[in-house]
file upload_0.txt (compact mmCIF, C-alpha atoms)
# COMPACT_ATOMS: atom_id res chain seq x y z
CA MET A 1 171.71 54.21 234.26
CA LYS A 2 175.09 55.82 233.55
CA ILE A 3 175.85 53.15 230.95
CA LEU A 4 172.62 53.98 229.06
CA ASP A 5 173.55 57.66 228.99
CA PHE A 6 176.96 56.65 227.73
CA ILE A 7 175.45 54.61 224.88
CA SER A 8 173.16 57.53 223.98
CA ASN A 9 176.04 59.97 223.95
CA LEU A 10 178.33 57.64 222.03
CA ALA A 11 175.89 56.95 219.15
CA MET A 12 176.21 60.22 217.27
CA PRO A 13 180.00 60.72 217.41
CA LEU A 14 180.55 57.06 216.52
CA ILE A 15 178.38 57.24 213.42
CA ILE A 16 179.92 60.51 212.25
CA LEU A 17 183.39 59.02 212.75
CA PHE A 18 182.44 55.86 210.87
CA ILE A 19 180.96 57.74 207.90
CA VAL A 20 183.86 60.17 207.62
CA ILE A 21 186.49 57.38 207.73
CA TYR A 22 184.46 55.33 205.25
CA GLY A 23 184.14 58.41 203.02
CA VAL A 24 187.87 59.10 203.12
CA PHE A 25 188.61 55.56 201.97
CA GLU A 26 186.13 55.55 199.11
CA LYS A 27 186.07 59.13 197.92
CA ASN A 28 188.58 61.91 197.68
CA LYS A 29 186.51 65.12 197.71
CA ILE A 30 184.69 64.36 200.93
CA PHE A 31 184.33 67.96 202.13
CA ASP A 32 182.72 69.02 198.83
CA THR A 33 180.20 66.22 199.26
CA PHE A 34 179.54 67.40 202.80
CA LEU A 35 178.82 70.94 201.53
CA GLU A 36 176.41 69.63 198.90
CA GLY A 37 174.45 67.84 201.59
CA THR A 38 174.38 70.89 203.84
CA LYS A 39 172.64 72.86 201.09
CA GLU A 40 169.90 70.23 200.99
CA GLY A 41 169.44 70.84 204.72
CA ILE A 42 168.74 74.52 204.05
CA ASN A 43 166.03 73.60 201.55
CA ILE A 44 164.33 71.26 204.04
CA MET A 45 164.21 74.04 206.62
CA ILE A 46 162.88 76.60 204.14
CA SER A 47 160.11 74.21 203.18
CA ILE A 48 158.90 73.59 206.77
CA PHE A 49 159.35 77.13 208.12
CA PRO A 50 155.97 78.58 206.91
CA THR A 51 154.08 75.63 208.41
CA LEU A 52 155.86 76.05 211.72
CA ILE A 53 154.95 79.77 211.92
CA GLY A 54 151.27 78.99 211.43
CA LEU A 55 151.19 76.09 213.87
CA PHE A 56 153.23 77.67 216.64
CA VAL A 57 150.84 80.60 216.78
CA ALA A 58 147.81 78.28 216.80
CA ILE A 59 149.20 76.06 219.57
CA GLY A 60 150.45 79.04 221.57
CA ALA A 61 146.91 80.44 221.39
CA LEU A 62 145.42 77.12 222.52
CA ARG A 63 147.56 77.21 225.65
CA SER A 64 147.45 80.93 226.49
CA SER A 65 143.69 81.25 226.06
CA GLY A 66 143.23 78.56 228.71
CA ILE A 67 141.22 76.22 226.48
CA LEU A 68 143.93 73.56 226.43
CA ASP A 69 143.86 73.36 230.26
CA ILE A 70 140.09 72.96 230.18
CA ILE A 71 140.32 70.09 227.70
CA ILE A 72 143.14 68.45 229.68
CA ASN A 73 141.28 68.80 232.98
CA PHE A 74 138.19 67.33 231.36
CA ILE A 75 139.96 64.08 230.42
CA GLU A 76 142.26 64.04 233.45
CA PRO A 77 140.15 61.58 235.54
CA ILE A 78 140.36 58.97 232.77
CA LEU A 79 144.10 59.49 232.33
CA ASN A 80 144.66 59.20 236.09
CA ILE A 81 143.12 55.73 236.13
CA VAL A 82 145.75 54.41 233.71
CA ASN A 83 148.49 56.61 235.20
CA PHE A 84 149.02 58.48 231.92
CA PRO A 85 150.71 61.91 232.31
CA LYS A 86 148.04 64.43 231.24
CA GLU A 87 150.64 66.92 229.99
CA ILE A 88 151.55 64.48 227.19
CA MET A 89 147.98 63.91 225.97
CA PRO A 90 147.88 66.72 223.33
CA LEU A 91 151.09 65.36 221.78
CA ALA A 92 149.82 61.77 221.80
CA LEU A 93 146.66 62.88 219.97
CA LEU A 94 148.37 65.04 217.33
CA ARG A 95 151.45 62.94 216.65
CA PRO A 96 149.90 60.48 214.13
CA ILE A 97 148.01 63.25 212.33
CA SER A 98 150.51 65.99 211.59
CA GLY A 99 154.31 66.10 211.74
CA SER A 100 154.72 69.85 211.99
CA SER A 101 151.98 70.36 214.57
CA SER A 102 153.56 67.68 216.73
CA ILE A 103 156.89 69.53 216.52
CA ALA A 104 155.04 72.66 217.65
CA ILE A 105 153.24 70.94 220.52
CA ALA A 106 156.35 69.01 221.68
CA THR A 107 158.32 72.25 221.78
CA ASP A 108 155.47 73.87 223.71
CA ILE A 109 155.50 71.01 226.25
CA MET A 110 159.30 71.18 226.67
CA LYS A 111 159.14 74.93 227.17
CA ASN A 112 156.40 74.71 229.81
CA TYR A 113 157.61 71.73 231.84
CA GLY A 114 161.37 71.90 231.18
CA VAL A 115 163.25 70.10 228.44
CA ASP A 116 165.21 67.89 230.87
CA SER A 117 162.25 67.18 233.16
CA GLN A 118 160.54 63.79 233.03
CA ILE A 119 157.68 65.23 230.96
CA GLY A 120 160.20 66.83 228.58
CA MET A 121 162.02 63.51 228.21
CA ILE A 122 158.78 61.66 227.50
CA ALA A 123 157.78 64.23 224.86
CA SER A 124 161.21 63.90 223.21
CA THR A 125 161.05 60.11 223.20
CA ILE A 126 157.55 60.08 221.69
CA MET A 127 158.64 62.51 218.97
CA GLY A 128 161.64 60.37 218.08
CA SER A 129 160.01 56.96 218.20
CA THR A 130 156.79 57.57 216.24
CA GLU A 131 155.92 58.75 212.74
CA THR A 132 153.16 60.77 211.11
CA THR A 133 151.14 57.60 210.63
CA LEU A 134 148.13 58.97 208.74
CA TYR A 135 150.26 60.88 206.25
CA THR A 136 152.48 57.85 205.57
CA ILE A 137 149.51 55.58 204.97
CA ALA A 138 147.92 58.17 202.69
CA ILE A 139 150.89 58.58 200.36
CA TYR A 140 151.77 54.88 200.22
CA THR A 141 148.24 53.79 199.36
CA SER A 142 147.37 56.65 197.01
CA CYS A 143 150.45 56.11 194.82
CA ILE A 144 149.10 52.74 193.64
CA LYS A 145 145.42 53.75 193.86
CA VAL A 146 144.19 50.87 196.02
CA LYS A 147 140.77 51.16 197.63
CA LYS A 148 140.87 48.43 200.28
CA ILE A 149 143.58 49.23 202.77
CA ARG A 150 142.43 46.40 205.08
CA PHE A 151 143.61 46.73 208.70
CA VAL A 152 146.66 48.94 208.03
CA LEU A 153 145.38 51.97 209.93
CA LEU A 154 144.25 49.97 212.95
CA VAL A 155 147.53 48.06 213.32
CA SER A 156 149.59 51.25 212.93
CA LEU A 157 147.60 53.13 215.53
CA ILE A 158 147.80 50.22 218.00
CA ALA A 159 151.56 50.15 217.51
CA ASP A 160 151.79 53.94 217.93
CA MET A 161 149.97 53.58 221.23
CA VAL A 162 152.44 50.90 222.32
CA GLY A 163 155.30 53.22 221.30
CA ILE A 164 153.88 56.06 223.36
CA ILE A 165 153.29 53.86 226.42
CA THR A 166 156.80 52.39 226.15
CA SER A 167 158.21 55.94 225.94
CA ILE A 168 156.43 56.86 229.18
CA ILE A 169 157.57 53.71 230.99
CA ILE A 170 161.22 53.89 229.92
CA CYS A 171 161.51 57.60 230.78
CA ARG A 172 160.00 56.91 234.20
CA ILE A 173 162.51 54.12 234.78
CA MET A 174 165.47 56.19 233.59
CA SER A 175 164.78 59.37 235.53
CA MET B 1 144.42 67.84 207.18
CA LEU B 2 145.83 71.11 208.50
CA ASN B 3 143.22 73.00 206.49
CA ILE B 4 140.71 71.67 209.00
CA VAL B 5 142.77 71.46 212.21
CA TRP B 6 144.46 74.86 211.99
CA PRO B 7 141.33 77.05 211.73
CA ILE B 8 139.66 75.01 214.50
CA PHE B 9 142.60 75.71 216.83
CA ILE B 10 142.59 79.43 216.02
CA ILE B 11 138.81 79.88 216.23
CA ILE B 12 138.18 78.01 219.49
CA SER B 13 141.16 79.49 221.31
CA PHE B 14 140.53 83.08 220.19
CA ILE B 15 136.82 82.95 220.99
CA TYR B 16 137.52 81.35 224.38
CA GLY B 17 140.36 83.80 225.03
CA ILE B 18 138.13 86.80 224.41
CA PHE B 19 135.34 85.57 226.70
CA SER B 20 137.50 84.17 229.50
CA GLY B 21 139.45 87.41 229.98
CA ASN B 22 142.80 85.93 228.95
CA LEU B 23 143.21 88.58 226.25
CA LYS B 24 146.51 89.93 227.51
CA GLU B 25 148.10 86.46 227.61
CA LEU B 26 146.63 85.66 224.21
CA ASN B 27 148.13 88.77 222.66
CA SER B 28 151.58 88.25 224.05
CA SER B 29 151.49 84.55 223.12
CA ILE B 30 151.13 85.44 219.43
CA PHE B 31 154.46 87.27 219.42
CA GLU B 32 156.09 84.84 221.81
CA SER B 33 155.20 81.96 219.49
CA ILE B 34 156.65 83.75 216.49
CA ASN B 35 159.86 84.39 218.40
CA SER B 36 160.17 80.76 219.41
CA VAL B 37 159.73 79.61 215.80
CA ILE B 38 162.68 81.77 214.80
CA GLU B 39 164.77 80.43 217.67
CA LEU B 40 163.84 76.82 216.93
CA SER B 41 164.31 77.20 213.18
CA LEU B 42 167.81 78.64 213.51
CA ASN B 43 168.83 75.75 215.73
CA LEU B 44 167.09 73.21 213.55
CA LEU B 45 168.75 74.74 210.50
CA GLY B 46 172.21 74.22 211.97
CA THR B 47 171.66 70.64 213.06
CA MET B 48 169.75 69.68 209.90
CA CYS B 49 172.43 71.09 207.59
CA PHE B 50 175.23 69.38 209.44
CA TRP B 51 173.45 66.04 209.51
CA CYS B 52 172.38 66.25 205.86
CA GLY B 53 176.03 66.90 204.99
CA ILE B 54 177.22 63.83 206.91
CA MET B 55 174.49 61.70 205.36
CA LYS B 56 175.35 62.95 201.88
CA ILE B 57 178.83 61.47 202.39
CA ALA B 58 177.20 58.18 203.40
CA THR B 59 174.93 58.08 200.33
CA GLU B 60 177.84 58.75 197.96
CA THR B 61 179.74 55.74 199.29
CA THR B 62 178.78 52.06 199.24
CA VAL B 63 177.66 52.07 202.89
CA ALA B 64 173.96 51.84 201.96
CA GLU B 65 174.55 48.92 199.58
CA LYS B 66 176.57 47.02 202.18
CA LEU B 67 173.89 47.57 204.80
CA THR B 68 171.27 46.39 202.30
CA LYS B 69 173.07 43.05 202.07
CA ILE B 70 173.12 42.68 205.85
CA LEU B 71 169.39 43.37 205.94
CA LYS B 72 168.49 40.76 203.31
CA PRO B 73 167.87 37.77 205.62
CA ILE B 74 165.60 39.89 207.82
CA ILE B 75 163.65 41.16 204.78
CA ARG B 76 163.13 37.53 203.69
CA ILE B 77 161.61 36.63 207.03
CA ILE B 78 159.32 39.68 207.17
CA PHE B 79 158.30 39.56 203.50
CA PRO B 80 158.16 35.88 202.50
CA GLU B 81 156.19 36.69 199.32
CA VAL B 82 158.78 38.89 197.65
CA ARG B 83 161.48 36.22 197.74
CA LYS B 84 161.06 35.48 194.02
CA ASN B 85 161.49 39.07 192.99
CA SER B 86 164.97 40.44 193.67
CA LYS B 87 164.12 43.91 192.33
CA THR B 88 161.31 44.44 194.83
CA GLU B 89 163.43 42.94 197.57
CA LYS B 90 166.18 45.44 196.85
CA GLU B 91 163.80 48.41 196.79
CA ILE B 92 162.29 47.36 200.12
CA SER B 93 165.68 47.03 201.78
CA MET B 94 166.93 50.35 200.33
CA ASN B 95 163.84 52.04 201.78
CA MET B 96 164.43 50.43 205.19
CA ILE B 97 168.09 51.49 205.23
CA ALA B 98 167.18 55.06 204.24
CA ASN B 99 164.66 55.12 207.11
CA ILE B 100 167.18 53.75 209.60
CA LEU B 101 169.79 56.32 208.56
CA GLY B 102 167.17 59.05 208.94
CA LEU B 103 167.13 59.98 205.23
CA GLY B 104 163.41 60.72 205.10
CA ASN B 105 163.66 62.46 201.73
CA ALA B 106 165.32 59.46 200.13
CA ALA B 107 163.17 56.86 201.89
CA THR B 108 159.80 57.99 200.53
CA PRO B 109 160.56 57.83 196.76
CA LEU B 110 162.25 54.44 197.28
CA GLY B 111 159.24 53.23 199.24
CA LEU B 112 156.80 54.36 196.57
CA LYS B 113 158.87 52.54 193.95
CA ALA B 114 158.69 49.36 196.03
CA MET B 115 154.90 49.78 196.35
CA LYS B 116 154.59 50.03 192.56
CA SER B 117 156.71 46.92 192.02
CA MET B 118 154.56 45.00 194.51
CA GLN B 119 151.41 46.26 192.78
CA GLU B 120 152.60 44.76 189.47
CA GLU B 121 152.41 41.29 191.00
CA ASN B 122 149.20 41.97 192.85
CA LYS B 123 146.23 39.99 191.51
CA ASP B 124 143.52 42.23 192.97
CA LYS B 125 144.66 45.76 192.11
CA GLU B 126 142.04 47.31 194.40
CA LYS B 127 143.28 45.57 197.53
CA LEU B 128 146.61 45.63 199.40
CA THR B 129 148.55 42.35 199.53
CA ASN B 130 149.98 40.99 202.78
CA SER B 131 153.47 42.21 201.90
CA MET B 132 152.12 45.65 201.08
CA THR B 133 150.31 45.97 204.41
CA MET B 134 153.48 44.92 206.21
CA PHE B 135 155.57 47.36 204.20
CA ILE B 136 153.28 50.34 204.87
CA ILE B 137 152.97 49.46 208.54
CA LEU B 138 156.76 49.26 208.94
CA ASN B 139 157.03 52.65 207.27
CA THR B 140 154.71 54.14 209.86
CA ALA B 141 157.27 53.07 212.46
CA SER B 142 160.16 55.41 213.05
CA ILE B 143 163.28 53.29 213.35
CA GLN B 144 166.24 55.65 213.29
CA ILE B 145 169.77 55.34 214.59
CA ILE B 146 170.02 59.09 215.25
CA PRO B 147 166.73 60.96 215.79
CA THR B 148 168.14 64.24 214.46
CA THR B 149 165.04 66.44 214.62
CA VAL B 150 164.38 65.74 218.31
CA ILE B 151 168.01 66.34 219.18
CA ALA B 152 167.87 69.66 217.34
CA ILE B 153 164.69 70.67 219.17
CA ARG B 154 166.19 69.73 222.55
CA ASN B 155 169.32 71.66 221.67
CA SER B 156 167.29 74.76 220.82
CA MET B 157 165.47 74.51 224.16
CA GLY B 158 168.79 74.65 226.00
CA SER B 159 168.92 71.03 227.18
CA ASP B 160 171.87 69.96 229.35
CA ASN B 161 172.17 66.78 227.36
CA PRO B 162 170.29 66.79 224.02
CA THR B 163 171.38 63.27 223.01
CA LYS B 164 170.28 61.65 226.28
CA ILE B 165 167.03 60.42 224.66
CA ILE B 166 168.69 58.27 221.97
CA PHE B 167 168.60 55.05 223.99
CA PRO B 168 164.98 55.46 225.22
CA ILE B 169 163.95 56.24 221.63
CA TRP B 170 165.57 53.02 220.39
CA VAL B 171 163.72 50.99 223.00
CA ALA B 172 160.35 52.63 222.27
CA SER B 173 160.62 52.46 218.49
CA ILE B 174 161.86 48.87 218.39
CA SER B 175 159.13 47.64 220.70
CA ALA B 176 156.52 49.45 218.59
CA ALA B 177 157.98 47.88 215.45
CA LEU B 178 157.82 44.39 216.98
CA VAL B 179 154.18 45.00 217.90
CA ARG B 180 153.56 46.09 214.29
CA ASN B 181 155.07 42.92 212.90
CA TYR B 182 153.23 40.67 215.34
CA THR B 183 149.75 42.24 215.19
CA ASN B 184 149.89 42.57 211.41
CA LYS B 185 150.68 38.86 210.96
CA ASN B 186 147.86 37.96 213.34
CA PHE B 187 145.43 40.20 211.48
CA TYR B 188 145.99 38.62 208.11
CA LYS B 189 145.86 35.14 209.49
CA ASN B 190 142.47 35.80 211.05
CA GLU B 191 140.96 38.00 208.36
call {"tool": "encode", "arguments": {"input": "upload_0.txt", "output": "structure tokens"}}
result
Amino acid sequence: MKILDFISNLAMPLIILFIVIYGVFEKNKIFDTFLEGTKEGINIMISIFPTLIGLFVAIGALRSSGILDIIINFIEPILNIVNFPKEIMPLALLRPISGSSSIAIATDIMKNYGVDSQIGMIASTIMGSTETTLYTIAIYTSCIKVKKIRFVLLVSLIADMVGIITSIIICRIMS
Amino acid sequence: MLNIVWPIFIIISFIYGIFSGNLKELNSSIFESINSVIELSLNLLGTMCFWCGIMKIATETTVAEKLTKILKPIIRIIFPEVRKNSKTEKEISMNMIANILGLGNAATPLGLKAMKSMQEENKDKEKLTNSMTMFIILNTASIQIIPTTVIAIRNSMGSDNPTKIIFPIWVASISAALVRNYTNKNFYKNE
């Protein structure tokens, strides 16, 4: 498993190195370009910050009031049959619906069970390997005003489920 | 969507909290949550800014165009119908590259452009074509070389090794994408 960790750790430095060298060869004011991009990063954060405030409070309330545990315990017997970790269930349900609420719930899971624990790893992998499916389908179909979207939603949700199950399996193998 | 989900979360948890006697925990969780947003946002801000800066360098060079050329044969296999139209083909591959590089903000406008080009050749304007379904479905997959947001979150939570999840994420997202490709093709064959 050491080699897989090595690949994971190598990916980011290697890409940064590649882009910087490529940039130096093709462009002269590379640091100015870097600064321009950084400013765009600030704007992205400013635009998601209000949503995060609202959702973190809502999800914190779900957990602290005890209602989340009741819901989880209610579906636990079903999840046990398929050996699905119950702690992940809220994330699996919210992930296709809303990007910012899944950030909130993933953070909540990592805080409660430990970011480097198996549950924390699974939550991270699900966050990174899936998209906000419903939102994506909505903007791509509404921009051309089609009415019949055929089986798009079904196929995407099946694939999301496969992504989530693969995340669980690979994290169990690796840890 | 959040206009429905958010009030439901607040209402059920506050009502339950009041009646179950978890009031103290509920109160402190409000402020705890606000604190963790600040903590997370500061960390996210740093990582996001840095990564956006690096990616800006990439977009100003010809990296994206070169990658688009490499992707062409794959695009032709996945989207056999757009072969005749090089403009659509280019828009599709630019969108894919932007997604792979994690440039979400650039990927969406490119993707919408590709959808419009495909709609021009669509005979039944009310219904998605096979290529369109495939294109949307691939966009609901998250195929990224560096999953920046997750790394930033893990970093803010004090992980020993925030980038450890890159390899598992590749495996999970690629297998989900293969399932997308396969089930979609089966669906339109049998429809």
call {"tool": "atom_distance", "arguments": {"input": "upload_0.txt", "atom1": "CA of Lys116 (chain B)", "atom2": "CA of Ile144 (chain A)"}}
result
6.2 Å
call {"tool": "residues_around", "arguments": {"input": "upload_0.txt", "residues": "Met89 (chain A)", "least_positions_apart": "3", "cutoff": "12 Å", "atoms": "all atoms listed in the file", "output": "PyMOL selection string"}}
result
chain A and resi 68-69+71-76+78-80+83-86+92-95+102+105-106+109+119+122-123+126+161+164-165+168
call {"tool": "atom_distance", "arguments": {"input": "upload_0.txt", "atom1": "CA of Ser86 (chain B)", "atom2": "CA of Lys113 (chain B)"}}
result
13.6 Å
call {"tool": "closest_residue", "arguments": {"input": "upload_0.txt", "among": "B:Lys164, B:Leu40, B:Ile100, B:Phe19", "to": "Ile48 (chain A)", "atoms": "only C-alpha atoms"}}
result
B:Leu40
call {"tool": "residues_around", "arguments": {"input": "upload_0.txt", "residues": "Thr129 (chain B)", "least_positions_apart": "6", "cutoff": "9 Å", "atoms": "all atoms listed in the file", "output": "list in words"}}
result
Met118, Gln119, Asn122 and Lys123 of chain B
call {"tool": "closest_residue", "arguments": {"input": "upload_0.txt", "among": "A:Cys171, A:Ile3, A:Ile67, A:Ala159", "to": "Thr133 (chain A)", "atoms": "all atoms listed in the file"}}
result
A:Ala159
call {"tool": "atom_distance", "arguments": {"input": "upload_0.txt", "atom1": "CA of Ser156 (chain A)", "atom2": "CA of Thr141 (chain A)"}}
result
13.9 Å
call {"tool": "closest_residue", "arguments": {"input": "upload_0.txt", "among": "B:Tyr182, B:Thr148, B:Ile165, B:Met115", "to": "Val146 (chain A)", "atoms": "all atoms listed in the file"}}
result
B:Met115
call {"tool": "residues_around", "arguments": {"input": "upload_0.txt", "residues": "Glu65 (chain B)", "least_positions_apart": "5", "cutoff": "12 Å", "atoms": "only C-alpha atoms", "output": "PyMOL selection string"}}
result
chain B and resi 58-60+70-72+90-91+93-98
call {"tool": "closest_residue", "arguments": {"input": "upload_0.txt", "among": "B:Ser156, B:Asn105, B:Ser173, B:Ser117", "to": "chain A", "atoms": "only C-alpha atoms"}}
result
B:Ser173
call {"tool": "residues_around", "arguments": {"input": "upload_0.txt", "residues": "region 135-139 of chain A", "least_positions_apart": "2", "cutoff": "7 Å", "atoms": "all atoms listed in the file", "output": "short mmCIF file (atom, residue, chain, number, x, y, z; two decimals) with C-alpha atoms, keeping the file's coordinate frame"}}
result
data_model
loop_
_atom_site.label_atom_id
_atom_site.label_comp_id
_atom_site.auth_asym_id
_atom_site.auth_seq_id
_atom_site.Cartn_x
_atom_site.Cartn_y
_atom_site.Cartn_z
CA ILE A 97 148.01 63.25 212.33
CA THR A 132 153.16 60.77 211.11
CA THR A 133 151.14 57.60 210.63
CA THR A 141 148.24 53.79 199.36
CA SER A 142 147.37 56.65 197.01
CA CYS A 143 150.45 56.11 194.82
CA ILE B 136 153.28 50.34 204.87
CA THR B 140 154.71 54.14 209.86
#
call {"tool": "residues_near_point", "arguments": {"input": "upload_0.txt", "point": "(172.3, 74.8, 200.7)", "cutoff": "9 Å", "atoms": "all atoms listed in the file", "output": "compact mmCIF listing (two decimals) with C-alpha atoms, keeping the file's coordinate frame"}}
result
# COMPACT_ATOMS: atom_id res chain seq x y z
CA LEU A 35 178.82 70.94 201.53
CA GLU A 36 176.41 69.63 198.90
CA GLY A 37 174.45 67.84 201.59
CA THR A 38 174.38 70.89 203.84
CA LYS A 39 172.64 72.86 201.09
CA GLU A 40 169.90 70.23 200.99
CA GLY A 41 169.44 70.84 204.72
CA ILE A 42 168.74 74.52 204.05
CA ASN A 43 166.03 73.60 201.55
CA CYS B 49 172.43 71.09 207.59
call {"tool": "build_atoms", "arguments": {"input": "upload_0.txt", "residues": "region 151-159 of chain B", "atoms": "all heavy atoms", "output": "PDB file, in the frame of the given file"}}
result
ATOM      1  N   ILE B 151     166.782  65.834 218.579  1.00  0.00           N
ATOM      2  CA  ILE B 151     168.010  66.340 219.180  1.00  0.00           C
ATOM      3  C   ILE B 151     168.133  67.833 218.912  1.00  0.00           C
ATOM      4  O   ILE B 151     168.463  68.619 219.811  1.00  0.00           O
ATOM      5  CB  ILE B 151     169.241  65.567 218.640  1.00  0.00           C
ATOM      6  CG1 ILE B 151     169.158  64.118 219.107  1.00  0.00           C
ATOM      7  CG2 ILE B 151     170.545  66.200 219.107  1.00  0.00           C
ATOM      8  CD1 ILE B 151     170.195  63.214 218.502  1.00  0.00           C
ATOM      9  N   ALA B 152     167.803  68.242 217.680  1.00  0.00           N
ATOM     10  CA  ALA B 152     167.870  69.660 217.340  1.00  0.00           C
ATOM     11  C   ALA B 152     166.886  70.483 218.177  1.00  0.00           C
ATOM     12  O   ALA B 152     167.224  71.558 218.670  1.00  0.00           O
ATOM     13  CB  ALA B 152     167.597  69.859 215.855  1.00  0.00           C
ATOM     14  N   ILE B 153     165.674  69.950 218.351  1.00  0.00           N
ATOM     15  CA  ILE B 153     164.690  70.670 219.170  1.00  0.00           C
ATOM     16  C   ILE B 153     165.201  70.812 220.595  1.00  0.00           C
ATOM     17  O   ILE B 153     165.186  71.891 221.179  1.00  0.00           O
ATOM     18  CB  ILE B 153     163.326  69.938 219.175  1.00  0.00           C
ATOM     19  CG1 ILE B 153     162.719  69.933 217.771  1.00  0.00           C
ATOM     20  CG2 ILE B 153     162.363  70.609 220.148  1.00  0.00           C
ATOM     21  CD1 ILE B 153     161.453  69.113 217.651  1.00  0.00           C
ATOM     22  N   ARG B 154     165.690  69.689 221.170  1.00  0.00           N
ATOM     23  CA  ARG B 154     166.190  69.730 222.550  1.00  0.00           C
ATOM     24  C   ARG B 154     167.344  70.710 222.685  1.00  0.00           C
ATOM     25  O   ARG B 154     167.446  71.433 223.667  1.00  0.00           O
ATOM     26  CB  ARG B 154     166.625  68.332 222.996  1.00  0.00           C
ATOM     27  CG  ARG B 154     165.451  67.377 223.182  1.00  0.00           C
ATOM     28  CD  ARG B 154     165.920  65.962 223.480  1.00  0.00           C
ATOM     29  NE  ARG B 154     166.748  65.885 224.670  1.00  0.00           N
ATOM     30  CZ  ARG B 154     166.280  65.898 225.905  1.00  0.00           C
ATOM     31  NH1 ARG B 154     165.002  65.959 226.110  1.00  0.00           N
ATOM     32  NH2 ARG B 154     167.108  65.826 226.922  1.00  0.00           N
ATOM     33  N   ASN B 155     168.193  70.737 221.668  1.00  0.00           N
ATOM     34  CA  ASN B 155     169.320  71.660 221.670  1.00  0.00           C
ATOM     35  C   ASN B 155     168.827  73.102 221.690  1.00  0.00           C
ATOM     36  O   ASN B 155     169.317  73.932 222.462  1.00  0.00           O
ATOM     37  CB  ASN B 155     170.158  71.377 220.418  1.00  0.00           C
ATOM     38  CG  ASN B 155     171.388  72.244 220.353  1.00  0.00           C
ATOM     39  OD1 ASN B 155     171.952  72.590 221.379  1.00  0.00           O
ATOM     40  ND2 ASN B 155     171.779  72.606 219.150  1.00  0.00           N
ATOM     41  N   SER B 156     167.788  73.378 220.885  1.00  0.00           N
ATOM     42  CA  SER B 156     167.290  74.760 220.820  1.00  0.00           C
ATOM     43  C   SER B 156     166.602  75.169 222.124  1.00  0.00           C
ATOM     44  O   SER B 156     166.486  76.345 222.430  1.00  0.00           O
ATOM     45  CB  SER B 156     166.331  74.926 219.648  1.00  0.00           C
ATOM     46  OG  SER B 156     165.062  74.435 219.985  1.00  0.00           O
ATOM     47  N   MET B 157     166.130  74.172 222.901  1.00  0.00           N
ATOM     48  CA  MET B 157     165.470  74.510 224.160  1.00  0.00           C
ATOM     49  C   MET B 157     166.479  74.618 225.309  1.00  0.00           C
ATOM     50  O   MET B 157     166.090  74.744 226.467  1.00  0.00           O
ATOM     51  CB  MET B 157     164.437  73.440 224.541  1.00  0.00           C
ATOM     52  CG  MET B 157     163.414  73.099 223.477  1.00  0.00           C
ATOM     53  SD  MET B 157     162.355  74.466 223.064  1.00  0.00           S
ATOM     54  CE  MET B 157     161.538  74.692 224.615  1.00  0.00           C
ATOM     55  N   GLY B 158     167.755  74.512 224.986  1.00  0.00           N
ATOM     56  CA  GLY B 158     168.790  74.650 226.000  1.00  0.00           C
ATOM     57  C   GLY B 158     168.940  73.452 226.916  1.00  0.00           C
ATOM     58  O   GLY B 158     169.211  73.603 228.109  1.00  0.00           O
ATOM     59  N   SER B 159     168.774  72.229 226.366  1.00  0.00           N
ATOM     60  CA  SER B 159     168.920  71.030 227.180  1.00  0.00           C
ATOM     61  C   SER B 159     170.360  70.827 227.642  1.00  0.00           C
ATOM     62  O   SER B 159     171.299  71.168 226.924  1.00  0.00           O
ATOM     63  CB  SER B 159     168.465  69.806 226.376  1.00  0.00           C
ATOM     64  OG  SER B 159     168.901  68.622 226.990  1.00  0.00           O
TER      65      SER B 159
END
